[in-house]
4 protein chains.
Amino acid sequence: MSSSYGENIRMTVFGQSHSAAIGVVLEGIPAGKKFSSEKLSAFMTRRAPGRSPASTARKEADIPEFLSGVTANEAGEYTTCGAPLTAIIRNTNQRSGDYDSLKDLPRPGHADYTAHVKYFGAEDRAGGGHFSGRLTAPMCIAGGICLQLLEQQGIRVRARIVSIGQVTDPAPFDAPADPEKFPCVSETAGQEMLENIARARASGDSLGGVIECIAEGLPAGLGDPMFDGMENRIAGLVFGIPAVKGLEFGDGFDAAKRTGSENNDEFAVENGRIITKTNHCGGILGGITNGMPLTFRVAIKPTPSIARTQQTVNLKTLETAEISVPGRHDPCIVPRAVPCVEACAALAIYDALLGRQKELAE
Amino acid sequence: MSSSYGENIRMTVFGQSHSAAIGVVLEGIPAGKKFSSEKLSAFMTRRAPGRSPASTARKEADIPEFLSGVTANEAGEYTTCGAPLTAIIRNTNQRSGDYDSLKDLPRPGHADYTAHVKYFGAEDRAGGGHFSGRLTAPMCIAGGICLQLLEQQGIRVRARIVSIGQVTDPAPFDAPADPEKFPCVSETAGQEMLENIARARASGDSLGGVIECIAEGLPAGLGDPMFDGMENRIAGLVFGIPAVKGLEFGDGFDAAKRTGSENNDEFAVENGRIITKTNHCGGILGGITNGMPLTFRVAIKPTPSIARTQQTVNLKTLETAEISVPGRHDPCIVPRAVPCVEACAALAIYDALLGRQKELAE
Amino acid sequence: MSSSYGENIRMTVFGQSHSAAIGVVLEGIPAGKKFSSEKLSAFMTRRAPGRSPASTARKEADIPEFLSGVTANEAGEYTTCGAPLTAIIRNTNQRSGDYDSLKDLPRPGHADYTAHVKYFGAEDRAGGGHFSGRLTAPMCIAGGICLQLLEQQGIRVRARIVSIGQVTDPAPFDAPADPEKFPCVSETAGQEMLENIARARASGDSLGGVIECIAEGLPAGLGDPMFDGMENRIAGLVFGIPAVKGLEFGDGFDAAKRTGSENNDEFAVENGRIITKTNHCGGILGGITNGMPLTFRVAIKPTPSIARTQQTVNLKTLETAEISVPGRHDPCIVPRAVPCVEACAALAIYDALLGRQKELAE
Amino acid sequence: MSSSYGENIRMTVFGQSHSAAIGVVLEGIPAGKKFSSEKLSAFMTRRAPGRSPASTARKEADIPEFLSGVTANEAGEYTTCGAPLTAIIRNTNQRSGDYDSLKDLPRPGHADYTAHVKYFGAEDRAGGGHFSGRLTAPMCIAGGICLQLLEQQGIRVRARIVSIGQVTDPAPFDAPADPEKFPCVSETAGQEMLENIARARASGDSLGGVIECIAEGLPAGLGDPMFDGMENRIAGLVFGIPAVKGLEFGDGFDAAKRTGSENNDEFAVENGRIITKTNHCGGILGGITNGMPLTFRVAIKPTPSIARTQQTVNLKTLETAEISVPGRHDPCIVPRAVPCVEACAALAIYDALLGRQKELAE
C-alpha cells in the first residue's frame, strides 16, 4: 500500500493538506518503550512552517495528539502499550480559498495533474491533498519516536544541509550542525544560502538543495541482501518525501568515477573491533551495515510552487493557460526537509534493528 | 523478506554463487501471457559473462530451465498458466578453489565481512554467496519476461552506459544505443571506455560508471503517492543490484542546483493529450507517471575484486593481512549491468501496471 | 502486522477500549467510489451496544468521524478521493473505574494474562485494551463501506444467528433474517434464544453461539490457490473478531463425515451458465469462487466476562484469588457479532474482487 | 501472493502436479540452524503416496534436492547459510495420459472449473496443476525443517486422526499416536477406519475425516491480537491444504454451546508458573499463546476424485456429460494429511517465535 512502510514496524500515513486531520499509525514498536513528549515536540518544531525567512507563513502548531497505543505519565513521558500507536494533527489553518482559482489548472512540477489522472478527477486537490509536503509531519512523529528509541541504544542520527542552489557547505560528512539553528556547518555558507533564498523569494522563484545524513553507533549486521538492503530500505522512505529526486550512499555518484583501488575501504582493527580505514561505502556493504557511520545524501528539487507565471493546461477545456501560484509557500523547503530525512533514516534503522533481533535469538 | 520484491507480482530470487543452482520464482503474472524463449535468451546473453574484453572469463550458459508456471509450444513460446513461475540456472562452472586462500580474509568493498557478521560465520562465502553479482541472472529472467509483456503493450524500456570512470558519453537521454554491441551511443566514447577498462585490468584495478534508463510509452497514472511512488518502487529493485550506490530520477542531483522556474516542466497539449514541454522530472510527479518518458540514472561503484594488494583483517585471528583477489573478475561490470537495470525498470513498471488495473475497473 | 489486513486493500485498526479514540485506516479503495453515511450509520447501529436485552448497557453513539480520504456532499454521501481513508470514534463513555479492582487479576477466558506476558506489563488493560470487542467497531466501518461498494456491483452479503447455546434456528442457509430485528429466521427459535440469554444474565453467566454468513451474486474466479484462497482470506479476518473459535465453509465439519459421492457438487447448466446442483462446498473450489453462493459458519464462545465467581491468580503475588467481573457486559455477544461477520466477509470479498481486476486486463 | 506465506519467515510453494518439478523457497530462517536430512526424509515419507492401502498407487520418492540456502556435512546434516533455502522434488512418475479424456470435463469437487475461469483456459490442468494435493510435499519440506528447529527448543508438534467418515477415535486430545503407523490412538477405531476406507475404494467412492493437532512446550506470549493471532496464522496455512473445509481451536464449535462459567479456563499456579486448570481455549487467548498446549482440529472433505459416475458439463460445448475419474487416487487422504497439518502448525509457530524475538530485545 502506497502510504504504508516497513517490515518489522509498519508506518501508515494518512490525511490530506486540508482534511480534518493528518496522522500516522505506527505498528510493531515493542511494548514498554518510553519517549518524551517534549523531545518529540522539539523535533516537530524543526520541521514546522513559519519559523524562518526560508519557510512558508502558514503556521501550524503541529503538536501530535495521541489517540492510541501509549500511556502517558505526568512528566510528559509516553510508554508504548503494544497496541498500534496513532497520533493525529488537526488541520486548523487551511486557507483553501487560496487554491480556488487553480481548480482546473495543474501546477507545473506538482502532482496535480498525475493525481487527477490517477484518481479520475475525484482527488482532493486543495493544498496538494495527500501529496502535500504537510504529510511529512506525521512521518516526523513516527520518525521522531524512533530517533528517541535509537538514542536510548546509543545510535545517533543527524542530517544537515550540504548545498542550496549553487552554494555548498564545504564541511565534511561528520561535522556537526546545530539542529536548533539553520542546519549547516559553515556559518558563511549558511548566511549565503539564506540570502539566496531571500532573493529567490523576492523574484517569485524557489531553490532546491542537497541534504546529508549520518547515523553513528550502529552495530554491524543490520539490513539484508538484495531488496532489503539498508539502501533499499532508506530509499523506500526517502523517495516518499515530496521533491526528492536523487539519493546516494557513501560517495555515491562520485564512486562511479573512481577505480576499485581508490574506492575500496580497507579493513583494519581498532580496539579489538574490525573497522574500515576509509568510509567510501557509507557504512553499507552488500546492503548490510559494517559498523562504520551510515551516510547518505538526498537531492531536493526546487519548490514547484512559485509566484512566477508559468504555462499550464486547463484540465477541463484542454486550453493552454497561465498560472502563478499564490498562497504562502516556502521558497526553499530544504531546511524543513532536514528533520524529515532524519525521520526516514531513524525509521529504516529501527525497523532493521528489530529484524536483527529475530536472528540473534539462539 | 530480503530476496523478494513486489506488490502485485512477487519475485523471489534464490541461490548462491556456487550453490547447486540459482533461480527465481515469479508470482502474480496473469495466466495466458506469452513470451518467447529466444528473446529471453538473447536478453540473458547481454548480461552473461565471457562475452567481451570488459568481462570475466567465467562462462555460464545461463539458459533458464523452467520448472513450473508455464507451458511451452514447439515454436519455443511459453504461456503462463497462472501458477508461480520458477526458473533455475544450474551452476556448472564454479571454481571454488579460487576462493580457498581467502577463506578468513574479507575482501575490501565486498559483503564478505558483513555477511560473516550477519550470518554468524555460517555464510556460504564461496564466490560471494547470495551477494554475488551472479544473482542478477535470475533477476534478468524475471525482468526479461516483464520486458516482453510490456513490449506487447507498447511500452519500451532500454538502458545504456553514460560514463565509465572519467569518460562520459555526451549523447542525450533518449538517444538509442545498440543493445547487441557495447551499450553506449557515441562510438568514440565507447572506444575510449573499452581502452580504459583494458588499462584498469592490466594494472590489476577496476572501474565503475553510470547507467541511464528510459521507459517510453507509459500511460499516465502509474505508481502511487508516498512510499509506493515509481521512484520508491524502482529504488527497491535497483539497489538490489550489487555495487549500485546512487540513483536519480530525471535531472536528479542537478535539479537541486536549479531554480523552480528552470526546473518545473510546463504543461502543453499535443495531439489532444497533455504533455510537458520539458522532462526535468523524468516522467514522474508525486510518484506517479505523467505519460512522458520515465528516466533515471544509476551509479555503479568500481568492481571491488581487484588483483592489487589491499589491507584486510583475518576474521579468526583479528590480525592484519594483505589480500589480492585472484579469480576471473570483471574489471568493470557496468556493461553487464545495463540489462540488469532494464530488468529492474521492467519489473517495477509491470508491477505498477497491474496495480493500476485494480483502479480502472468500474 | 497484527492489526492490519489485506492484499489489495489494507485495513489497519487502532485503539484500545479506553483510549482517546478507536479507528481504522483503509487504503487501496479506488478513488471516486461513493457510499452513504446514513447506510453506514444504520449498519454501525446493528453492532452498537445498548440496543437490546442481549447486550451491554454501555452506550456509545459509534458515529464515525472521517479524518481523511473522503469528500462529503450535502446529501451525506461520501466520495473516496484516493488517499487513505481514516475514520475514528471517540471513546466517551469509559468507566475505567469498573476495572480498577481487577488490575492484577486476569479474567479467565480473556486476553488479560496473555497481553500481560506479551507486553511485559506495559499493556493498557482497561476494558480489555486493544483486545476489546469494542475494536470490532472500526472493522465495521471499513466493512460497512465495502458492503455498500459490493452492493453497487450486485453482490449481497448477509449473516444471521444459527444457534445460541443449545437453541438452534432450523432455517436453511439462504433463508433471510431481518437485519433490523433479532437476526435469526425462526421467530420461535429467536424468542427462545432471547429467553436463554436473559436467564444467563440473571444467573451471572453468559452464552455463545454460531453465526452463518452467505454472499450472493459473486462472479466465479475470485480468490487464489493455496494461502490466498477465499477460505484463508476470510479466516484471516474472522479470527480477528474476539471470541471466534471455529470456522467452516459450506458443509464444513459435516462434510468430513460423508462420502465423496454425497459431498461432490455435480455441475449443470442454467441459463447458459455453469452452476452446481448442490452447494456442499460453500461456493469455493480450490480457494476460488465458483459463482454459487459463498457460505460459512462461525463459532463464538460464550462471553468470558461473567459475574459468577471464578478462580484466578494475582499477577504480582502469584497467589490464587477469586474474581467476579463487574461492569456492563453482554451476556451474549452473538447478536452484535452478526454485522461484524458481514463486515469480514465484505472486506475479504472486496479485496479479492480488486485482485481479480489485475488479471482481467488484457 | 497466493502461494506465499509468512511474516518473519516466508514460504513460497511452486510447481504443478505434472510440471518438471515442485518445490519451495523458505526465506528468513536465521543462519547457522541445523537439521537432519534423515529426519526430514522420515517426515516426508509419512506424507508420501503408495505406503498404505489408504493411499494412491502413484509412487514418488519425494526426496528433496536442495538447490540453495544450506551447506551439508558428511553426516547428512544441513546448516542454513542465511540465504533463501530452496528445495525441489522432480516429478518423475506422471501419467498425464490418465487425464486426457477429462480435458474439457471439470471433475465435481475439484478446482478444475474454477481454475479454468480464473486462468482463462490457460491453466495446467493435468493432475490438478497447482491445486494438486501433491503441492503439500513442498509444504512438508518447509514444515519438516521448522518441526526440527522447534524440537531443538523443546517444542513438540504432533497430529493424529480423530475420525474417518462416521468412525471416531475416542482418545483424548493429548493421547499419543504412533506416527510411523496408522496415525490414530485406538487400535480398534484405526482398524475400523481402514476397513471403511477399503470399502469406499471398492465401491468407487471416498471418505473424509477430522485431524487433531497439538503443540506442547510453547512459551506464553506468541502471536498477536486481531489479524495475526495464532488462530489467523494457523488458518492461513491450514486452508492451503486442499480439501480442508473447517478449522476449530480448543473446543471450537462445542464451546458455542456452553456457558461462560463452563467454558472459561480458570487460572492456577503450578511450579511457580501460571497455568489454566482446563484448556477449552486450546492454549490461545486473544490470539496469543498462554503456555498451555495449543490444540486445533481440521475437517477434511472426502477425496473428490472418485470412480463413480457423476454429472458434469463440457467446458467447450456447455453440454451435460458424465464423468468417472480414472487414475490412482487415494480413497481417503486423511492419513497422508496428518503430517501436512503438523507442517502447517510448525510453520506458523516458528514464524511467531521469530516475531517474539523482536519484542524480547531490550
# chains A, B, ... in the order shown; residues from 1 in each chain; ligands from 1
>>> interface_residues(of="chain A", to="chain D", cutoff="9 Å", atoms="only C-alpha atoms", output="list of chain:residue names")
A:Glu7, A:Asn8, A:Gly28, A:Ile29, A:Pro30, A:Ala31, A:Lys33, A:Ala83, A:Pro225, A:Leu353, A:Leu354, A:Gly355, A:Arg356, A:Gln357, A:Lys358, A:Glu359, A:Leu360, A:Ala361, A:Glu362
>>> write_last_selection(atoms="C-alpha atoms", output="tab-separated table (two decimals), in the first residue's frame")
chain	number	residue	atom	x	y	z
A	7	GLU	CA	8.77	-4.85	7.59
A	8	ASN	CA	9.04	-5.17	11.36
A	28	GLY	CA	5.21	-3.09	15.81
A	29	ILE	CA	7.02	-0.95	18.36
A	30	PRO	CA	7.53	-3.33	21.29
A	31	ALA	CA	5.54	-2.56	24.45
A	33	LYS	CA	9.30	1.65	25.25
A	83	ALA	CA	-1.19	-1.71	20.56
A	225	PRO	CA	20.99	-8.70	0.92
A	353	LEU	CA	17.29	-3.35	14.29
A	354	LEU	CA	14.08	-5.22	15.12
A	355	GLY	CA	14.72	-7.51	12.17
A	356	ARG	CA	18.15	-8.26	13.54
A	357	GLN	CA	16.63	-9.35	16.87
A	358	LYS	CA	14.91	-12.24	15.14
A	359	GLU	CA	18.28	-13.58	14.05
A	360	LEU	CA	20.08	-13.06	17.34
A	361	ALA	CA	17.99	-15.48	19.39
A	362	GLU	CA	19.63	-18.82	19.66
>>> select_by_dssp(residues="segment 127-283 of chain D", states="strand (DSSP E)", output="PyMOL selection string")
chain D and resi 156-164+167-168+209-216+244-249+267-270+273-276
>>> residues_around(residues="Glu180 of chain D", least_positions_apart="2", cutoff="10 Å", atoms="only C-alpha atoms", output="short mmCIF file (atom, residue, chain, number, x, y, z; two decimals) with C-alpha atoms, in the first residue's frame")
data_model
loop_
_atom_site.label_atom_id
_atom_site.label_comp_id
_atom_site.auth_asym_id
_atom_site.auth_seq_id
_atom_site.Cartn_x
_atom_site.Cartn_y
_atom_site.Cartn_z
CA ALA D 42 11.32 -39.82 7.58
CA PHE D 43 8.83 -36.99 7.88
CA THR D 45 7.75 -40.47 4.00
CA ARG D 46 4.74 -40.11 6.29
CA ALA D 177 -0.44 -41.83 18.27
CA ASP D 178 2.49 -43.66 16.72
CA PHE D 182 -1.74 -45.55 11.04
CA PRO D 183 -1.93 -42.30 12.97
#
>>> select_by_dssp(residues="segment 60-160 of chain D", states="alpha helix (DSSP H)", output="list in words")
Gly97, Asp98, Tyr99, Asp100, Asp112, Tyr113, Thr114, Ala115, His116, Val117, Lys118, Thr136, Ala137, Pro138, Met139, Cys140, Ile141, Ala142, Gly143, Gly144, Ile145, Cys146, Leu147, Gln148, Leu149, Leu150 and Glu151 of chain D
>>> atom_distance(atom1="atom CA of His110 of chain C", atom2="atom CA of Val238 of chain D")
25.1 Å
